[in-house]
Structures are given as C-alpha cells and as structure tokens.
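**Q** Provided below: start-v7.pdb, containing PDB, C-alpha atoms and all ligand atoms.
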ATOM      1  CA  MET A   6     -24.048  19.537   1.798  1.00  0.00           C
ATOM      2  CA  SER A   7     -20.564  18.040   2.114  1.00  0.00           C
ATOM      3  CA  ASN A   8     -19.313  15.230  -0.107  1.00  0.00           C
ATOM      4  CA  ILE A   9     -19.193  12.867   2.858  1.00  0.00           C
ATOM      5  CA  ALA A  10     -22.843  13.511   3.756  1.00  0.00           C
ATOM      6  CA  ALA A  11     -24.054  11.493   0.776  1.00  0.00           C
ATOM      7  CA  LEU A  12     -22.086   8.499   2.039  1.00  0.00           C
ATOM      8  CA  MET A  13     -23.754   8.454   5.438  1.00  0.00           C
ATOM      9  CA  GLU A  14     -26.712   6.603   3.942  1.00  0.00           C
ATOM     10  CA  ARG A  15     -24.343   3.968   2.559  1.00  0.00           C
ATOM     11  CA  ASN A  16     -22.884   3.636   6.028  1.00  0.00           C
ATOM     12  CA  LYS A  17     -26.333   2.965   7.464  1.00  0.00           C
ATOM     13  CA  ALA A  18     -26.845   0.250   4.866  1.00  0.00           C
ATOM     14  CA  PHE A  19     -23.451  -1.246   5.748  1.00  0.00           C
ATOM     15  CA  ALA A  20     -24.279  -1.215   9.459  1.00  0.00           C
ATOM     16  CA  SER A  21     -27.633  -2.893   8.905  1.00  0.00           C
ATOM     17  CA  SER A  22     -26.075  -5.531   6.609  1.00  0.00           C
ATOM     18  CA  GLY A  23     -24.128  -6.953   9.546  1.00  0.00           C
ATOM     19  CA  ALA A  24     -21.030  -7.487   7.339  1.00  0.00           C
ATOM     20  CA  TRP A  25     -18.918  -5.823  10.041  1.00  0.00           C
ATOM     21  CA  ARG A  26     -19.626  -8.762  12.365  1.00  0.00           C
ATOM     22  CA  ASN A  27     -17.432 -11.063  10.264  1.00  0.00           C
ATOM     23  CA  THR A  28     -14.129  -9.843  11.700  1.00  0.00           C
ATOM     24  CA  PRO A  29     -10.817 -11.733  11.856  1.00  0.00           C
ATOM     25  CA  ARG A  30      -9.986 -13.537  15.116  1.00  0.00           C
ATOM     26  CA  LEU A  31      -7.442 -10.814  15.802  1.00  0.00           C
ATOM     27  CA  PRO A  32      -8.068  -7.619  13.828  1.00  0.00           C
ATOM     28  CA  PHE A  33      -4.392  -7.364  12.801  1.00  0.00           C
ATOM     29  CA  LEU A  34      -4.557 -10.833  11.210  1.00  0.00           C
ATOM     30  CA  PRO A  35      -6.601 -10.212   8.051  1.00  0.00           C
ATOM     31  CA  PHE A  36      -8.334 -13.209   6.493  1.00  0.00           C
ATOM     32  CA  ASN A  37      -6.059 -13.356   3.452  1.00  0.00           C
ATOM     33  CA  GLY A  38      -2.811 -12.617   5.321  1.00  0.00           C
ATOM     34  CA  LEU A  39      -2.164  -9.715   3.000  1.00  0.00           C
ATOM     35  CA  TYR A  40      -0.683  -6.288   3.547  1.00  0.00           C
ATOM     36  CA  ILE A  41      -1.183  -4.281   0.372  1.00  0.00           C
ATOM     37  CA  ILE A  42       0.684  -1.056  -0.352  1.00  0.00           C
ATOM     38  CA  THR A  43      -0.719   0.894  -3.279  1.00  0.00           C
ATOM     39  CA  CYS A  44      -1.206   4.427  -4.611  1.00  0.00           C
ATOM     40  CA  VAL A  45      -3.783   6.957  -3.379  1.00  0.00           C
ATOM     41  CA  ASP A  46      -5.050   7.180  -6.973  1.00  0.00           C
ATOM     42  CA  PRO A  47      -8.831   6.537  -6.994  1.00  0.00           C
ATOM     43  CA  ARG A  48      -8.331   3.970  -9.769  1.00  0.00           C
ATOM     44  CA  THR A  49      -6.025   1.828  -7.625  1.00  0.00           C
ATOM     45  CA  ASP A  50      -8.265   0.728  -4.790  1.00  0.00           C
ATOM     46  CA  PRO A  51      -7.569  -2.997  -4.231  1.00  0.00           C
ATOM     47  CA  ALA A  52     -11.229  -3.454  -3.270  1.00  0.00           C
ATOM     48  CA  ASP A  53     -11.854  -2.919  -6.984  1.00  0.00           C
ATOM     49  CA  PHE A  54      -8.969  -4.501  -8.903  1.00  0.00           C
ATOM     50  CA  LEU A  55      -8.249  -7.353  -6.452  1.00  0.00           C
ATOM     51  CA  GLY A  56     -11.738  -7.888  -5.085  1.00  0.00           C
ATOM     52  CA  ILE A  57     -10.529  -7.307  -1.524  1.00  0.00           C
ATOM     53  CA  GLN A  58     -13.471  -7.569   0.841  1.00  0.00           C
ATOM     54  CA  PHE A  59     -14.142  -6.764   4.477  1.00  0.00           C
ATOM     55  CA  GLY A  60     -11.327  -7.976   6.741  1.00  0.00           C
ATOM     56  CA  ASP A  61      -9.357  -9.545   3.867  1.00  0.00           C
ATOM     57  CA  ALA A  62      -6.258  -7.365   3.963  1.00  0.00           C
ATOM     58  CA  ILE A  63      -4.457  -4.474   5.557  1.00  0.00           C
ATOM     59  CA  VAL A  64      -4.233  -1.717   2.952  1.00  0.00           C
ATOM     60  CA  ALA A  65      -1.763   1.164   3.053  1.00  0.00           C
ATOM     61  CA  ARG A  66      -2.021   3.872   0.453  1.00  0.00           C
ATOM     62  CA  THR A  67       0.672   6.414  -0.253  1.00  0.00           C
ATOM     63  CA  LEU A  68       1.548   8.743  -3.106  1.00  0.00           C
ATOM     64  CA  GLY A  69       2.673   6.438  -5.928  1.00  0.00           C
ATOM     65  CA  GLY A  70       2.442   3.436  -3.609  1.00  0.00           C
ATOM     66  CA  ARG A  71       5.990   4.374  -2.624  1.00  0.00           C
ATOM     67  CA  VAL A  72       7.492   2.799   0.493  1.00  0.00           C
ATOM     68  CA  THR A  73       8.129   5.587   2.997  1.00  0.00           C
ATOM     69  CA  PRO A  74       9.572   5.461   6.527  1.00  0.00           C
ATOM     70  CA  ALA A  75       5.968   5.562   7.789  1.00  0.00           C
ATOM     71  CA  VAL A  76       5.102   2.494   5.677  1.00  0.00           C
ATOM     72  CA  ILE A  77       8.116   0.644   7.110  1.00  0.00           C
ATOM     73  CA  ARG A  78       7.125   1.648  10.628  1.00  0.00           C
ATOM     74  CA  ASP A  79       3.543   0.461  10.206  1.00  0.00           C
ATOM     75  CA  LEU A  80       4.495  -2.834   8.518  1.00  0.00           C
ATOM     76  CA  SER A  81       7.099  -3.554  11.184  1.00  0.00           C
ATOM     77  CA  TYR A  82       4.607  -2.714  13.933  1.00  0.00           C
ATOM     78  CA  ILE A  83       1.971  -5.084  12.580  1.00  0.00           C
ATOM     79  CA  GLY A  84       4.626  -7.803  12.140  1.00  0.00           C
ATOM     80  CA  TYR A  85       5.731  -7.232  15.714  1.00  0.00           C
ATOM     81  CA  LEU A  86       2.122  -7.502  16.910  1.00  0.00           C
ATOM     82  CA  VAL A  87       1.880 -10.905  15.246  1.00  0.00           C
ATOM     83  CA  GLU A  88       5.165 -12.040  16.826  1.00  0.00           C
ATOM     84  CA  ALA A  89       4.070 -10.793  20.256  1.00  0.00           C
ATOM     85  CA  LYS A  90       0.374 -11.671  20.262  1.00  0.00           C
ATOM     86  CA  ALA A  91      -0.032 -14.531  17.787  1.00  0.00           C
ATOM     87  CA  PRO A  92       3.429 -16.098  17.284  1.00  0.00           C
ATOM     88  CA  GLU A  93       1.849 -19.119  15.577  1.00  0.00           C
ATOM     89  CA  GLY A  94       0.933 -16.726  12.754  1.00  0.00           C
ATOM     90  CA  PRO A  95      -0.143 -16.625  10.052  1.00  0.00           C
ATOM     91  CA  TYR A  96       2.437 -14.066   8.964  1.00  0.00           C
ATOM     92  CA  PHE A  97       2.003 -11.540   6.208  1.00  0.00           C
ATOM     93  CA  GLU A  98       2.655 -11.356   2.580  1.00  0.00           C
ATOM     94  CA  ALA A  99       3.142  -7.685   1.778  1.00  0.00           C
ATOM     95  CA  ALA A 100       2.445  -6.735  -1.834  1.00  0.00           C
ATOM     96  CA  VAL A 101       3.787  -3.440  -3.167  1.00  0.00           C
ATOM     97  CA  ILE A 102       1.840  -2.186  -6.174  1.00  0.00           C
ATOM     98  CA  HIS A 103       2.829   0.705  -8.438  1.00  0.00           C
ATOM     99  CA  HIS A 104       0.862   1.672 -11.512  1.00  0.00           C
ATOM    100  CA  THR A 105       1.085   3.239 -14.955  1.00  0.00           C
ATOM    101  CA  ASP A 106      -0.024   6.827 -15.585  1.00  0.00           C
ATOM    102  CA  CYS A 107       0.660   7.710 -11.944  1.00  0.00           C
ATOM    103  CA  GLY A 108      -0.006  11.254 -10.757  1.00  0.00           C
ATOM    104  CA  SER A 109       3.320  11.152  -8.897  1.00  0.00           C
ATOM    105  CA  ARG A 110       4.902  11.603 -12.343  1.00  0.00           C
ATOM    106  CA  LEU A 111       3.737  15.207 -12.426  1.00  0.00           C
ATOM    107  CA  LEU A 112       6.665  15.787 -10.064  1.00  0.00           C
ATOM    108  CA  GLU A 113       8.974  15.021 -12.992  1.00  0.00           C
ATOM    109  CA  ASP A 114       8.215  18.601 -14.118  1.00  0.00           C
ATOM    110  CA  PRO A 115      11.006  20.683 -12.505  1.00  0.00           C
ATOM    111  CA  GLU A 116       8.836  23.782 -12.293  1.00  0.00           C
ATOM    112  CA  LEU A 117       5.960  22.003 -10.555  1.00  0.00           C
ATOM    113  CA  ARG A 118       8.398  20.184  -8.258  1.00  0.00           C
ATOM    114  CA  HIS A 119      10.159  23.421  -7.361  1.00  0.00           C
ATOM    115  CA  GLY A 120       6.824  25.134  -6.702  1.00  0.00           C
ATOM    116  CA  PHE A 121       5.655  22.363  -4.389  1.00  0.00           C
ATOM    117  CA  ALA A 122       8.986  22.274  -2.545  1.00  0.00           C
ATOM    118  CA  GLN A 123       8.789  26.042  -2.040  1.00  0.00           C
ATOM    119  CA  ARG A 124       5.131  25.996  -1.070  1.00  0.00           C
ATOM    120  CA  ALA A 125       5.316  23.135   1.440  1.00  0.00           C
ATOM    121  CA  GLY A 126       8.935  23.176   2.558  1.00  0.00           C
ATOM    122  CA  TYR A 127       9.894  19.730   1.257  1.00  0.00           C
ATOM    123  CA  ASP A 128      13.315  18.745  -0.006  1.00  0.00           C
ATOM    124  CA  GLU A 129      13.421  19.019  -3.788  1.00  0.00           C
ATOM    125  CA  GLY A 130      15.817  16.083  -4.136  1.00  0.00           C
ATOM    126  CA  GLU A 131      13.497  13.832  -2.156  1.00  0.00           C
ATOM    127  CA  LEU A 132      10.555  14.924  -4.298  1.00  0.00           C
ATOM    128  CA  ALA A 133      12.571  14.144  -7.440  1.00  0.00           C
ATOM    129  CA  ALA A 134      12.968  10.529  -6.264  1.00  0.00           C
ATOM    130  CA  LEU A 135       9.225  10.077  -5.717  1.00  0.00           C
ATOM    131  CA  PRO A 136       7.665   9.658  -9.201  1.00  0.00           C
ATOM    132  CA  ALA A 137       6.863   6.106 -10.341  1.00  0.00           C
ATOM    133  CA  THR A 138       8.385   6.969 -13.733  1.00  0.00           C
ATOM    134  CA  VAL A 139       8.943   3.344 -14.727  1.00  0.00           C
ATOM    135  CA  PRO A 140       6.688   1.531 -12.257  1.00  0.00           C
ATOM    136  CA  ALA A 141       8.402  -1.852 -12.757  1.00  0.00           C
ATOM    137  CA  GLU A 142      11.665  -0.241 -11.617  1.00  0.00           C
ATOM    138  CA  THR A 143      10.320   1.802  -8.711  1.00  0.00           C
ATOM    139  CA  VAL A 144       8.351  -1.168  -7.389  1.00  0.00           C
ATOM    140  CA  ARG A 145      11.451  -3.380  -7.490  1.00  0.00           C
ATOM    141  CA  ALA A 146      13.391  -0.682  -5.625  1.00  0.00           C
ATOM    142  CA  ASP A 147      10.690  -0.450  -2.951  1.00  0.00           C
ATOM    143  CA  VAL A 148      10.489  -4.244  -2.587  1.00  0.00           C
ATOM    144  CA  ALA A 149      14.283  -4.295  -2.105  1.00  0.00           C
ATOM    145  CA  ARG A 150      13.964  -1.550   0.479  1.00  0.00           C
ATOM    146  CA  LEU A 151      11.489  -3.616   2.513  1.00  0.00           C
ATOM    147  CA  LEU A 152      13.494  -6.834   2.128  1.00  0.00           C
ATOM    148  CA  ASP A 153      16.525  -4.991   3.563  1.00  0.00           C
ATOM    149  CA  ALA A 154      14.649  -3.153   6.328  1.00  0.00           C
ATOM    150  CA  PRO A 155      15.936  -4.466   9.673  1.00  0.00           C
ATOM    151  CA  GLN A 156      12.745  -3.254  11.381  1.00  0.00           C
ATOM    152  CA  VAL A 157      10.456  -5.614   9.447  1.00  0.00           C
ATOM    153  CA  SER A 158       9.747  -9.119  10.790  1.00  0.00           C
ATOM    154  CA  THR A 159      11.814 -11.743   8.968  1.00  0.00           C
ATOM    155  CA  ARG A 160       8.661 -13.840   8.790  1.00  0.00           C
ATOM    156  CA  THR A 161       7.147 -11.319   6.378  1.00  0.00           C
ATOM    157  CA  THR A 162       7.126 -12.016   2.643  1.00  0.00           C
ATOM    158  CA  ILE A 163       7.346  -9.169   0.107  1.00  0.00           C
ATOM    159  CA  SER A 164       6.293  -9.149  -3.541  1.00  0.00           C
ATOM    160  CA  GLY A 165       6.057  -6.421  -6.190  1.00  0.00           C
ATOM    161  CA  HIS A 166       3.492  -5.773  -8.923  1.00  0.00           C
ATOM    162  CA  VAL A 167       2.499  -3.241 -11.550  1.00  0.00           C
ATOM    163  CA  TYR A 168      -1.120  -2.336 -12.200  1.00  0.00           C
ATOM    164  CA  ASP A 169      -1.852  -1.200 -15.755  1.00  0.00           C
ATOM    165  CA  THR A 170      -4.527   1.512 -15.751  1.00  0.00           C
ATOM    166  CA  SER A 171      -5.133   0.959 -19.477  1.00  0.00           C
ATOM    167  CA  THR A 172      -6.064  -2.740 -19.144  1.00  0.00           C
ATOM    168  CA  GLY A 173      -7.016  -3.234 -15.475  1.00  0.00           C
ATOM    169  CA  LEU A 174      -4.437  -6.048 -15.262  1.00  0.00           C
ATOM    170  CA  LEU A 175      -1.887  -6.611 -12.521  1.00  0.00           C
ATOM    171  CA  GLN A 176       1.527  -8.066 -13.411  1.00  0.00           C
ATOM    172  CA  THR A 177       4.022  -9.490 -10.916  1.00  0.00           C
ATOM    173  CA  VAL A 178       7.532  -8.074 -11.358  1.00  0.00           C
ATOM    174  CA  ALA A 179       9.091  -9.232  -8.072  1.00  0.00           C
ATOM    175  CA  GLU A 180       8.218 -12.749  -6.884  1.00  0.00           C
ATOM    176  CA  PRO A 181       7.476 -13.194  -3.152  1.00  0.00           C
ATOM    177  CA  ALA A 182      10.651 -13.305  -1.046  1.00  0.00           C
ATOM    178  CA  ARG A 183      11.266 -13.410   2.708  1.00  0.00           C
ATOM    179  CA  VAL A 184      12.559 -10.316   4.476  1.00  0.00           C
ATOM    180  CA  GLY A 185      16.265 -10.599   5.277  1.00  0.00           C
ATOM    181  CA  SER A 186      16.747 -13.544   2.890  1.00  0.00           C
TER     182      SER A 186
HETATM  183 ZN    ZN A 201      -0.499   6.876  -8.567  1.00  0.00          ZN
END
Will you turn the file into structure tokens for me?
Ligand SMILES: [Zn+2]
**A**
Amino acid sequence: MSNIAALMERNKAFASSGAWRNTPRLPFLPFNGLYIITCVDPRTDPADFLGIQFGDAIVARTLGGRVTPAVIRDLSYIGYLVEAKAPEGPYFEAAVIHHTDCGSRLLEDPELRHGFAQRAGYDEGELAALPATVPAETVRADVARLLDAPQVSTRTTISGHVYDTSTGLLQTVAEPARVGS
C-alpha cells in the first residue's frame, strides 16, 4: 500500500464535512489576504504554526522558504489577477518565513554540495547561496528581493519572519512594506 492510500480515507471525511464549500468569492483572493512563502520542511506548515485554515491563504513552499524566480512569477501572477479581475482588492500581504535548523544548511557542506551539483547538473555557486544559514539575514535578503522585483504588483505588501523550531515561535524581522516603496 502506498503512503498516500492511507490519506484517501481522510479525504472522504473532508469531502463529507462540506468544509470545501466555504470558498473565497474569487479563489485567488484568500480570506486573510495572505500569501505565505515558507520551507518544505514538514515542521513548517503554516496550517500548524499559524493556524491557517481552508481558504485563508495562498501558501508557497520552497527549499528553505527561499524566494526563487518561480516564486516571483507566481506572486506577480496572482497580483496581476487581482489587478485585472478584482481591482478593488483586497491586495496581498506576502509573508516570507525562514526557520532555524533548516535542511537547506546541509548544502553548506562543500562535499555534499559538490555531489548534488554533479548528480543533478546544478550550478554549485547557486547552491552555495541557498542555505538559510542565518535565517534572519536570508529572510531580509529575500524580502528585499521581492520589494525590488518590478514584476510584483506595487499594491502588494511584503514582510519577513523567522520561525524557531526549538520554541514554535515566529518572530518578525522585516516589518510589512509596500513593493517598490
Ligand atoms: Zn527548511
């Protein structure tokens, strides 16, 4: 039996609960106006540490919670959808969250990094820039990257936070600011 098979029963329970009926007016306008970018780490699911519920937020998860060109593309697309389809808003607050004890830090090991670059054909220099070594610093860098991204709607707000895996607490390290401001 596959790992997903056990979840099919949970899906049936979800379907019969009817929770899926409570959708936002437009699916790209989540109830809380939030666009959360966080790590793929199983401990950093915002449904757990922020209590995000059905339809509350758009959630993007990447290695380390790092802002990649794909993250910028998706955030700018959703912002554009709001401008084009619901110009009255509400517009998004995007929250970038990095965390302590991140698995991306394993790439700080030159041997492991070299092996992965060789194995998968990635650029070793780019991989070296990936680890959230000091999450307060990498999250500020990624917030700055989004604030400066010309693709992202200037009606989007960006903030940055660090989640501490040893306490469960989230700390804000970059207060919300408007893109292009
Ligand atoms: Zn991580």
**Q** Kindly give the distance, in Å, that separates CA of Ala133 in chain A and CA of Ala149 in chain A, rounded to a single decimal.
**A**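 Atom-to-atom, CA of Ala133 in chain A to CA of Ala149 in chain A, that is 19.3 Å.
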**Q** What do you get, as a compact mmCIF listing (two decimals) with C-alpha atoms, keeping the file's coordinate frame, if you spell out every residue that the PyMOL selection byres (((not hetatm)) within 6 of (chain A and resi 201)) selects here?
**A**
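selection-v4.txt was written with the following content:
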# COMPACT_ATOMS: atom_id res chain seq x y z
CA CYS A 44 -1.21 4.43 -4.61
CA ASP A 46 -5.05 7.18 -6.97
CA GLY A 69 2.67 6.44 -5.93
CA CYS A 107 0.66 7.71 -11.94
CA GLY A 108 -0.01 11.25 -10.76
CA SER A 109 3.32 11.15 -8.90
**Q** Of the residues A:His166, A:Arg66, A:Arg30, A:Arg124, which is the one nearest to Asp147 in chain A, using only C-alpha atoms?
**A** A:His166
**Q** Return the single residue from A:Pro92, A:Pro47, A:Pro155, A:Gly165 that is closest to Thr143 in chain A, with distances computed using all atoms listed in the file.
**A**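 Nearest to Thr143 in chain A: A:Gly165.
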**Q** Could you list as a list in words every residue that has an atom within 8 Å of (8.3, -4.2, 16.2), using the file's coordinates and counting only C-alpha atoms?
**A** Ser81, Tyr82, Ile83, Gly84, Tyr85, Leu86, Gln156, Val157 and Ser158 of chain A
**Q** Determine, counting all atoms listed in the file, which protein, DNA and RNA residues have an atom within 12 Å of an atom of Ala75 in chain A; residues of the same chain fewer than 2 positions away are not included. Present the result as a list in words.
**A**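 So the residues in contact are Ile42, Ala65, Arg66, Thr67, Arg71, Val72, Thr73, Ile77, Arg78, Asp79, Leu80, Ser81, Tyr82, Leu151 and Gln156 of chain A.
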**Q** Calculated over only C-alpha atoms, which of the candidates A:Ser22, A:Thr177, A:Thr172, A:Thr162 has the smallest distance to Leu39 in chain A?
**A**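 Result for the nearest residue to Leu39 in chain A: A:Thr162.
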**Q** Given the file shown, enumerate the residues that the PyMOL selection byres (((chain A and resi 164) around 10) and not hetatm) captures and present them as a ChimeraX atom specification.
**A** /A:41,98-102,144-145,147-149,151-152,162-163,165-166,177-183
**Q** When you count only C-alpha atoms, which of these residues is closest to Gly38 in chain A: A:Gly60, A:Lys17, A:Pro136, A:Arg26?
**A**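 With only C-alpha atoms as the atom set, the closest residue is A:Gly60.
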**Q** One decimal, Å: what's the distance from CA of Pro35 in chain A over to CA of Met13 in chain A, could you say?
**A** 25.5 Å
**Q** Quick one: of A:His104, A:Arg150, A:Arg110, A:Arg160, who's nearest to Gln176 in chain A, counting all atoms listed in the file?
**A**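 Closest to Gln176 in chain A of all the choices is A:His104.
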**Q** Would you compute the distance between CA of Thr105 in chain A and CA of Asp169 in chain A? Give it in Å to one decimal.
**A**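 Distance between the two atoms: 5.4 Å.
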**Q** Which residues are near range 55-58 of chain A? Cut-off 12 Å, all atoms listed in the file, ignore same chain within fewer than 4 positions. Put them as a list of chain:residue names.
**A**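 Returned residues: A:Ala24, A:Trp25, A:Asn27, A:Thr28, A:Pro35, A:Phe36, A:Asn37, A:Gly38, A:Leu39, A:Tyr40, A:Ile41, A:Thr43, A:Arg48, A:Thr49, A:Asp50, A:Pro51, A:Ala62, A:Ile63, A:Val64, A:Ala100, A:Ile102, A:Tyr168, A:Gly173, A:Leu174, A:Leu175.
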**Q** Would you kindly place N, CA and C atoms on range 63-86 of chain A and return the model as an mmCIF file, in the frame of the given file?
**A**
data_model
loop_
_atom_site.group_PDB
_atom_site.id
_atom_site.type_symbol
_atom_site.label_atom_id
_atom_site.label_comp_id
_atom_site.auth_asym_id
_atom_site.auth_seq_id
_atom_site.Cartn_x
_atom_site.Cartn_y
_atom_site.Cartn_z
ATOM 1 N N ILE A 63 -4.835 -5.804 5.106
ATOM 2 C CA ILE A 63 -4.457 -4.474 5.557
ATOM 3 C C ILE A 63 -4.051 -3.715 4.304
ATOM 4 N N VAL A 64 -4.542 -2.498 4.147
ATOM 5 C CA VAL A 64 -4.233 -1.717 2.952
ATOM 6 C C VAL A 64 -3.604 -0.392 3.360
ATOM 7 N N ALA A 65 -2.426 -0.121 2.829
ATOM 8 C CA ALA A 65 -1.763 1.164 3.053
ATOM 9 C C ALA A 65 -1.692 1.882 1.722
ATOM 10 N N ARG A 66 -2.049 3.129 1.710
ATOM 11 C CA ARG A 66 -2.021 3.872 0.453
ATOM 12 C C ARG A 66 -1.172 5.120 0.615
ATOM 13 N N THR A 67 -0.226 5.261 -0.273
ATOM 14 C CA THR A 67 0.672 6.414 -0.253
ATOM 15 C C THR A 67 0.763 6.983 -1.667
ATOM 16 N N LEU A 68 1.338 8.145 -1.794
ATOM 17 C CA LEU A 68 1.548 8.743 -3.106
ATOM 18 C C LEU A 68 2.439 7.816 -3.939
ATOM 19 N N GLY A 69 1.916 7.338 -5.052
ATOM 20 C CA GLY A 69 2.673 6.438 -5.928
ATOM 21 C C GLY A 69 2.762 5.012 -5.426
ATOM 22 N N GLY A 70 2.230 4.746 -4.219
ATOM 23 C CA GLY A 70 2.442 3.436 -3.609
ATOM 24 C C GLY A 70 3.885 3.277 -3.136
ATOM 25 N N ARG A 71 4.578 4.413 -3.014
ATOM 26 C CA ARG A 71 5.990 4.374 -2.624
ATOM 27 C C ARG A 71 6.130 3.964 -1.153
ATOM 28 N N VAL A 72 7.195 3.242 -0.873
ATOM 29 C CA VAL A 72 7.492 2.799 0.493
ATOM 30 C C VAL A 72 8.225 3.928 1.216
ATOM 31 N N THR A 73 7.589 4.475 2.217
ATOM 32 C CA THR A 73 8.129 5.587 2.997
ATOM 33 C C THR A 73 8.534 5.065 4.378
ATOM 34 N N PRO A 74 9.270 5.882 5.147
ATOM 35 C CA PRO A 74 9.572 5.461 6.527
ATOM 36 C C PRO A 74 8.304 5.140 7.322
ATOM 37 N N ALA A 75 7.212 5.847 7.067
ATOM 38 C CA ALA A 75 5.968 5.562 7.789
ATOM 39 C C ALA A 75 5.407 4.193 7.399
ATOM 40 N N VAL A 76 5.555 3.815 6.121
ATOM 41 C CA VAL A 76 5.102 2.494 5.677
ATOM 42 C C VAL A 76 5.925 1.409 6.375
ATOM 43 N N ILE A 77 7.246 1.627 6.452
ATOM 44 C CA ILE A 77 8.116 0.644 7.110
ATOM 45 C C ILE A 77 7.756 0.542 8.589
ATOM 46 N N ARG A 78 7.500 1.670 9.208
ATOM 47 C CA ARG A 78 7.125 1.648 10.628
ATOM 48 C C ARG A 78 5.839 0.856 10.836
ATOM 49 N N ASP A 79 4.837 1.128 10.017
ATOM 50 C CA ASP A 79 3.543 0.461 10.206
ATOM 51 C C ASP A 79 3.649 -1.039 9.931
ATOM 52 N N LEU A 80 4.339 -1.412 8.850
ATOM 53 C CA LEU A 80 4.495 -2.834 8.518
ATOM 54 C C LEU A 80 5.276 -3.559 9.612
ATOM 55 N N SER A 81 6.313 -2.899 10.134
ATOM 56 C CA SER A 81 7.099 -3.554 11.184
ATOM 57 C C SER A 81 6.281 -3.652 12.473
ATOM 58 N N TYR A 82 5.450 -2.657 12.731
ATOM 59 C CA TYR A 82 4.607 -2.714 13.933
ATOM 60 C C TYR A 82 3.613 -3.875 13.855
ATOM 61 N N ILE A 83 2.952 -4.002 12.714
ATOM 62 C CA ILE A 83 1.971 -5.084 12.580
ATOM 63 C C ILE A 83 2.675 -6.438 12.678
ATOM 64 N N GLY A 84 3.858 -6.558 12.044
ATOM 65 C CA GLY A 84 4.626 -7.803 12.140
ATOM 66 C C GLY A 84 5.017 -8.109 13.577
ATOM 67 N N TYR A 85 5.376 -7.062 14.299
ATOM 68 C CA TYR A 85 5.731 -7.232 15.714
ATOM 69 C C TYR A 85 4.519 -7.681 16.531
ATOM 70 N N LEU A 86 3.352 -7.091 16.209
ATOM 71 C CA LEU A 86 2.122 -7.502 16.910
ATOM 72 C C LEU A 86 1.871 -8.996 16.722
#
